[in-house]
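Peer 1: This is the structure, below, for whatever I ask next.
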Amino acid sequence: MTAHYKVHGDVAVITLDNPPVNGLGLATRQGIADGMAMATADAAVKAIVITGAGKAFSGGADIKEFGSSKAMQEPNLNSVIGVLENSTKPVVGAIHTVAMGGGLELALGCHYRIVAPGSSIALPEVKLGLLPGAGGTQRLPRVLGVEPALNMIVSGEAIKSDMLAMLPGQKLFDKMAVSVESLAEEALAFARSVADARPLPRVRDLPCKHPQGDAYFQFARNMAKGMAKNFPAPAKCVDAVQAATKGKFEAGMAVEREIFINLMWTAESKSLRHLFLAERAASKIPDVPADTAQRAINSVAIIGAGTMGGGIAMNFLNAGVPVKMLEMKQEALDRGVATIRKNYEAQVKKGKLKQDKYEQRMALLSTTLSYDDLTGTDMVIEAVFEEIGVKEAVFKELDRVMKPGAILASNTSTLDVNKIASFTKRPEDVVGLHFFSPANVMKLLEVVRGEKTAKDVMATVMSVAKKIKKTAVVSGVCDGFIGNRMIEQYGRQGGFLLDEGCTPEQVDKAMEKFGMAMGPFRMGDLAGNDIGWAIRKRRATERAEMKYSKTADLLCEKGRFGQKTGAGWYDYVAGKRDAIPNAEVVQMIEDYRKAQGITPRKISDEEIVQRLVFALVNEAARILEDGIANKASDIDIVYIFGYGFPAHRGGPMNYADELGLFNVVQAMNRFAQNPLDDAKFWQPAPLLAKLAAEGKTFN
Ligand code: NAI
């Protein structure tokens, strides 16, 4: 049972009980309808209270019903709300903790609402590319006024009940309860106080107007469009709220319904819903059950206080976990601590961090030059130079000093985690934690599972990731793991495009128009072109058969490493991030073409986008085949959270699915005909070829 019914004297109480957030799935909706029928039939019942058990009034629709016909099955949410609204006995919504989406819409169907302080109130549907589809766009403006309601609907952000209760003339809440604890008692008393009140107030009967009328809505629509860029939903929210001010309630509801259904079918909403589910699915590992016992992580040590070490440390300090940083020299420690301070001070200056919070965080940070100081620490993350010999020395020391059961993690971006584990006598405690730069900002964390990594280590680091607010994706061990293994192919295509006739600017512009946060050459300049150069040199012996454009090496030979040297594929002015095209670089590419005997051709933006994105897709299919990634949706998460892939396209795999894998394979076959490209690479991965032939998708 996901909704309970109980009579307290003359008041019936219907309690939603569908953990974790009382989602309004079919069984819960049915429970509410059944409770209403019993209360109506019982002559002793004079009023009805609806509330939620546990940690929410209701978080809204049940995500398990997403995309299935169950969501629409009767009694659907609109029908249940209709039952409340048309009840002949007063219905009181007793709201606490969370009332979001369908949960808030349900509350708006009640005759009265009593709310506990500190409750989060929101209509967040826009975040899934939708709008509230059970009357939210019609009822919220009637109780809050058009502007506050529209702001909530267009932003999807939660507002605390206390703030909303202060809005002049608001009719959302009839009463503020003293506390969450006293809400139940206060709701019963309130229900008794209105038991005989007639007529019963219905939100739908309230007037809805804006003094500036259509002019206001035109302004709001332009704002919403400007801010939403690639997403249609925010502007559509404006249309729906405007409809609430136009005619009869029912007419407005019809407009909301029609817009809702249209949005449901847009690629943007499908992408956002895919990501919503993908993000939740990413934390689940097939052979590591959710109830796997975890190790307690109450302190962390970090080896290396450089770029990554400092950023990683900040994540733990922000989460209230004490951090000890180790370096070989005091100067390096001082430099590391100073950088952390500088980062926090910038946040304080911008008003994003309070001074006392900053001090609390810094108080959690300590430093040492001696491994013997790390004995009591629960977890250590190594972020020293990317050289296997250095890693070996560090892990041997860690093996010597760390207590049994401590987790030993490496932030290596390219080295073999199994090899690193083999430097210790406890490979089961070793795992890769691949953070992205800047580590205190980027959401993605690749958790690299070694051959011998213990299951409880995996379970523990996944929940540590959550604690430090990262989105973690599990990767197997291979060169580059998921993200960088794919980006290599993407970068290689970028190079071929230069050889064949593009400028870096043309490629970047095309990719940015597609929606990438940054094109490949601007990204190279940001990350440092020397890093790729070093990797290519190392691989030259390992994978001599791999074909590359030589332009990136020529660029590095000129010392153009990117933003850090003020010059890369573009020029940079100190303190600014604007990429300024450089004629010398363009000339360098032209000279290279001439030397190779290549006649440049005009290349369309469509070809640029397809070659770069399909290179990601083909390599990703191989990554799936190799068992490096557990599922296609994990790869989408990696690309959206770590590489700036546009969210409205749902990640490379979702994008390929939407285009149709058959079409993707056709394009790859075409690219394979290009003598300047890599025909072998464009052989569709067997998994991709199979799915395409069967008319199936990755996700
Ligand atoms: P970095 O050069 O900024 O910092 C490395 C730090 O380690 C230096 O402060 C150095 O003094 C210290 N160190 C070197 N050997 C040591 C030893 N034996 N004991 C103690 N400290 C030692 O390098 P960065 O960029 O922070 O990279 C660190 C690791 O993170 C590398 O494995 C790298 O591949 C990986 N990584 C780097 C990313 C990046 O974008 N920079 C992204 C993801 C991973």
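Numbering starts fresh at 1 for the residues of each chain in the structure tokens, the chains themselves are lettered A, B, ... in the order given, and ligands are numbered from 1 as they appear.
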Determine, counting only C-alpha atoms, which protein, DNA and RNA residues have an atom within 10 Å of an atom of Gln30 (chain A); residues of the same chain fewer than 5 positions away are not included. Present the result as a list of chain:residue names.

Peer 2: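 Those residues are A:Met1, A:Thr2, A:Ala3, A:Leu24, A:Gly25, A:Gly35, A:Met36, A:Glu74, A:Pro75, A:Asn76, A:Leu77, A:Val80.
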
Peer 1: Emit the selected residues as a short mmCIF file (atom, residue, chain, number, x, y, z; two decimals), in the first residue's frame, including C-alpha atoms.

Peer 2:
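Below is the file again-v1.cif, written as the result:
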```
data_model
loop_
_atom_site.label_atom_id
_atom_site.label_comp_id
_atom_site.auth_asym_id
_atom_site.auth_seq_id
_atom_site.Cartn_x
_atom_site.Cartn_y
_atom_site.Cartn_z
CA MET A 1 0.00 0.00 0.00
CA THR A 2 1.42 3.38 -0.95
CA ALA A 3 -1.38 5.49 0.60
CA LEU A 24 2.48 9.83 -7.40
CA GLY A 25 2.55 6.48 -9.19
CA GLY A 35 -9.46 7.21 0.56
CA MET A 36 -11.59 10.03 -0.84
CA GLU A 74 -6.80 6.32 -14.59
CA PRO A 75 -7.03 7.63 -12.08
CA ASN A 76 -4.44 9.96 -13.59
CA LEU A 77 -3.23 12.94 -11.61
CA VAL A 80 -7.40 12.72 -8.65
#
```

Peer 1: Pick out the residues sitting within 7 Å of region 112-114 of chain A, and hand them over as a list in words; count only C-alpha atoms, and ignore anything fewer than 2 positions along from it in its own chain.

Peer 2: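 Surrounding residues, per the criterion: Val91, Val92, Gly93, Ala94, Ile95, Ala107, Cys110, Leu172, Phe173, Asp174, Lys175, Met176, Ala177 and Ala187 of chain A.
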
Peer 1: Write the selection just made, keeping all heavy atoms, as a compact mmCIF listing (two decimals), in the first residue's frame?

Peer 2:
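Resulting contents of again-v7.txt:
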```txt
# COMPACT_ATOMS: atom_id res chain seq x y z
N VAL A 91 -11.25 19.55 1.96
CA VAL A 91 -10.00 18.80 1.88
C VAL A 91 -8.85 19.75 2.23
O VAL A 91 -8.74 20.84 1.65
CB VAL A 91 -9.79 18.23 0.46
CG1 VAL A 91 -8.48 17.43 0.40
CG2 VAL A 91 -10.96 17.37 0.03
N VAL A 92 -8.01 19.34 3.17
CA VAL A 92 -6.89 20.17 3.63
C VAL A 92 -5.58 19.48 3.27
O VAL A 92 -5.35 18.34 3.68
CB VAL A 92 -6.96 20.38 5.17
CG1 VAL A 92 -5.76 21.21 5.64
CG2 VAL A 92 -8.27 21.03 5.56
N GLY A 93 -4.73 20.16 2.52
CA GLY A 93 -3.40 19.61 2.23
C GLY A 93 -2.47 19.98 3.38
O GLY A 93 -2.38 21.16 3.72
N ALA A 94 -1.82 19.00 3.99
CA ALA A 94 -0.87 19.27 5.09
C ALA A 94 0.53 19.03 4.54
O ALA A 94 0.99 17.90 4.42
CB ALA A 94 -1.16 18.38 6.28
N ILE A 95 1.20 20.14 4.17
CA ILE A 95 2.45 20.06 3.39
C ILE A 95 3.67 20.20 4.30
O ILE A 95 3.69 21.06 5.17
CB ILE A 95 2.48 21.22 2.36
CG1 ILE A 95 1.25 21.12 1.43
CG2 ILE A 95 3.77 21.21 1.55
CD1 ILE A 95 0.99 22.39 0.64
N ALA A 107 -1.60 19.45 -4.10
CA ALA A 107 -1.93 20.36 -3.00
C ALA A 107 -2.84 21.49 -3.48
O ALA A 107 -3.72 21.96 -2.75
CB ALA A 107 -0.66 20.92 -2.39
N CYS A 110 -6.50 20.90 -3.33
CA CYS A 110 -7.16 20.91 -2.02
C CYS A 110 -7.88 22.25 -1.82
O CYS A 110 -7.52 23.26 -2.42
CB CYS A 110 -6.13 20.72 -0.91
SG CYS A 110 -5.25 19.15 -1.00
N LEU A 172 -1.67 30.70 -1.50
CA LEU A 172 -1.15 29.33 -1.58
C LEU A 172 -1.30 28.63 -0.24
O LEU A 172 -1.71 27.48 -0.17
CB LEU A 172 0.33 29.37 -2.01
CG LEU A 172 1.08 28.04 -2.07
CD1 LEU A 172 0.37 27.02 -2.96
CD2 LEU A 172 2.51 28.25 -2.57
N PHE A 173 -0.97 29.32 0.83
CA PHE A 173 -1.07 28.72 2.16
C PHE A 173 -2.12 29.46 2.99
O PHE A 173 -2.09 30.68 3.07
CB PHE A 173 0.28 28.79 2.88
CG PHE A 173 1.40 28.16 2.08
CD1 PHE A 173 2.57 28.88 1.81
CD2 PHE A 173 1.29 26.87 1.57
CE1 PHE A 173 3.59 28.31 1.07
CE2 PHE A 173 2.31 26.30 0.83
CZ PHE A 173 3.46 27.03 0.58
N ASP A 174 -2.99 28.68 3.63
CA ASP A 174 -3.99 29.28 4.51
C ASP A 174 -3.44 29.40 5.92
O ASP A 174 -3.91 30.22 6.70
CB ASP A 174 -5.25 28.41 4.51
CG ASP A 174 -5.84 28.33 3.11
OD1 ASP A 174 -6.54 29.28 2.72
OD2 ASP A 174 -5.54 27.35 2.39
N LYS A 175 -2.47 28.56 6.21
CA LYS A 175 -1.93 28.60 7.57
C LYS A 175 -0.50 28.06 7.57
O LYS A 175 -0.19 27.11 6.85
CB LYS A 175 -2.81 27.72 8.47
CG LYS A 175 -2.51 27.88 9.95
CD LYS A 175 -3.55 27.11 10.77
CE LYS A 175 -3.12 26.92 12.22
NZ LYS A 175 -2.85 28.13 12.97
N MET A 176 0.37 28.71 8.36
CA MET A 176 1.73 28.20 8.59
C MET A 176 1.72 27.39 9.88
O MET A 176 1.31 27.91 10.92
CB MET A 176 2.73 29.36 8.75
CG MET A 176 3.03 30.16 7.51
SD MET A 176 3.83 29.20 6.21
CE MET A 176 5.48 29.01 6.90
N ALA A 177 2.16 26.16 9.81
CA ALA A 177 2.26 25.35 11.03
C ALA A 177 3.49 25.82 11.81
O ALA A 177 4.38 26.46 11.26
CB ALA A 177 2.40 23.88 10.68
N ALA A 187 -2.95 20.27 11.56
CA ALA A 187 -3.79 20.04 10.37
C ALA A 187 -5.16 19.51 10.80
O ALA A 187 -6.20 19.92 10.25
CB ALA A 187 -3.10 19.06 9.43
```

Peer 1: Give the answer as one residue: which of A:Glu327, A:Glu345, A:Glu185, A:Asp10 has the shortest atom-to-atom distance to ligand 1, using only C-alpha atoms and all ligand atoms?

Peer 2: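 Under the stated criterion, the closest residue is A:Glu327.
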
Peer 1: Where in region 132-251 of chain A does DSSP assign strand (DSSP E or B), given as a ChimeraX atom specification?

Peer 2: /A:159-160,175-176

Peer 1: Write a file of the selected residues as a short mmCIF file (atom, residue, chain, number, x, y, z; two decimals), in the first residue's frame, keeping C-alpha atoms.

Peer 2:
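The result, written out as part_3.cif:
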```
data_model
loop_
_atom_site.label_atom_id
_atom_site.label_comp_id
_atom_site.auth_asym_id
_atom_site.auth_seq_id
_atom_site.Cartn_x
_atom_site.Cartn_y
_atom_site.Cartn_z
CA ILE A 159 11.39 28.30 -2.92
CA LYS A 160 10.96 27.87 0.81
CA LYS A 175 -1.93 28.60 7.57
CA MET A 176 1.73 28.20 8.59
#
```

Peer 1: Check which residues fall inside 6 Å of ligand 1 when counting only C-alpha atoms and all ligand atoms, and print them as a list in words.

Peer 2: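 Listed by chain and ascending number, the contacts are Ile303, Gly304, Ala305, Gly306, Thr307, Met308, Gly309, Leu326, Glu327, Met328, Ala332, Ala383, Val384, Phe385, Glu386, Val390, Val394, Asn411, Thr412, Ser413, His434, Phe435, Phe436 and Ser437 of chain A.
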
Peer 1: Need to verify the contact set: region 268-281 of chain A, 6 Å, only C-alpha atoms, exclusion of same-chain residues closer than 6 positions in sequence. Can you return it as a list of chain:residue names?

Peer 2: A:Leu128, A:Gly129, A:Ser633, A:His648, A:Arg649, A:Gly650

Peer 1: Mind listing the alpha helix (DSSP H) residues of region 264-341 of chain A, per DSSP on the backbone, as a PyMOL selection string?

Peer 2: chain A and resi 264+267-282+307-318+330-341

Peer 1: Skipping near chain neighbours, those fewer than 5 positions away, what residues fall within 9 Å of region 676-678 of chain A using only C-alpha atoms, listed as an MDAnalysis selection string?

Peer 2: chainID A and resid 493 496:497 499:500 546:547 598 671

Peer 1: Do a neighbour search on Leu433 (chain A) at 7 Å with only C-alpha atoms, toss out local chain neighbours closer than 3 positions, and write the hits as number ranges by chain.

Peer 2: A: 409-411, 445-448

Peer 1: Restrict the selected residues to N, CA, C and O atoms and save them as a PDB file, in the first residue's frame.

Peer 2:
```pdb
ATOM      1  N   ALA A 409      43.700   5.363  -3.631  1.00  0.00           N
ATOM      2  CA  ALA A 409      43.191   5.766  -4.940  1.00  0.00           C
ATOM      3  C   ALA A 409      44.245   6.532  -5.721  1.00  0.00           C
ATOM      4  O   ALA A 409      45.083   7.217  -5.142  1.00  0.00           O
ATOM      5  N   SER A 410      44.188   6.407  -7.060  1.00  0.00           N
ATOM      6  CA  SER A 410      45.074   7.178  -7.926  1.00  0.00           C
ATOM      7  C   SER A 410      44.244   8.036  -8.866  1.00  0.00           C
ATOM      8  O   SER A 410      43.235   7.597  -9.404  1.00  0.00           O
ATOM      9  N   ASN A 411      44.694   9.269  -9.051  1.00  0.00           N
ATOM     10  CA  ASN A 411      44.025  10.175  -9.995  1.00  0.00           C
ATOM     11  C   ASN A 411      44.676  10.104 -11.377  1.00  0.00           C
ATOM     12  O   ASN A 411      44.478  10.978 -12.219  1.00  0.00           O
ATOM     13  N   LEU A 445      33.321  12.363 -12.292  1.00  0.00           N
ATOM     14  CA  LEU A 445      34.386  11.556 -11.684  1.00  0.00           C
ATOM     15  C   LEU A 445      34.327  10.174 -12.334  1.00  0.00           C
ATOM     16  O   LEU A 445      33.302   9.497 -12.266  1.00  0.00           O
ATOM     17  N   GLU A 446      35.428   9.790 -13.006  1.00  0.00           N
ATOM     18  CA  GLU A 446      35.504   8.416 -13.514  1.00  0.00           C
ATOM     19  C   GLU A 446      36.096   7.544 -12.414  1.00  0.00           C
ATOM     20  O   GLU A 446      37.218   7.805 -11.953  1.00  0.00           O
ATOM     21  N   VAL A 447      35.343   6.546 -12.005  1.00  0.00           N
ATOM     22  CA  VAL A 447      35.838   5.616 -10.995  1.00  0.00           C
ATOM     23  C   VAL A 447      36.396   4.416 -11.749  1.00  0.00           C
ATOM     24  O   VAL A 447      35.656   3.704 -12.440  1.00  0.00           O
ATOM     25  N   VAL A 448      37.719   4.232 -11.661  1.00  0.00           N
ATOM     26  CA  VAL A 448      38.349   3.195 -12.472  1.00  0.00           C
ATOM     27  C   VAL A 448      38.503   1.917 -11.646  1.00  0.00           C
ATOM     28  O   VAL A 448      39.200   1.898 -10.626  1.00  0.00           O
TER      29      VAL A 448
END
```
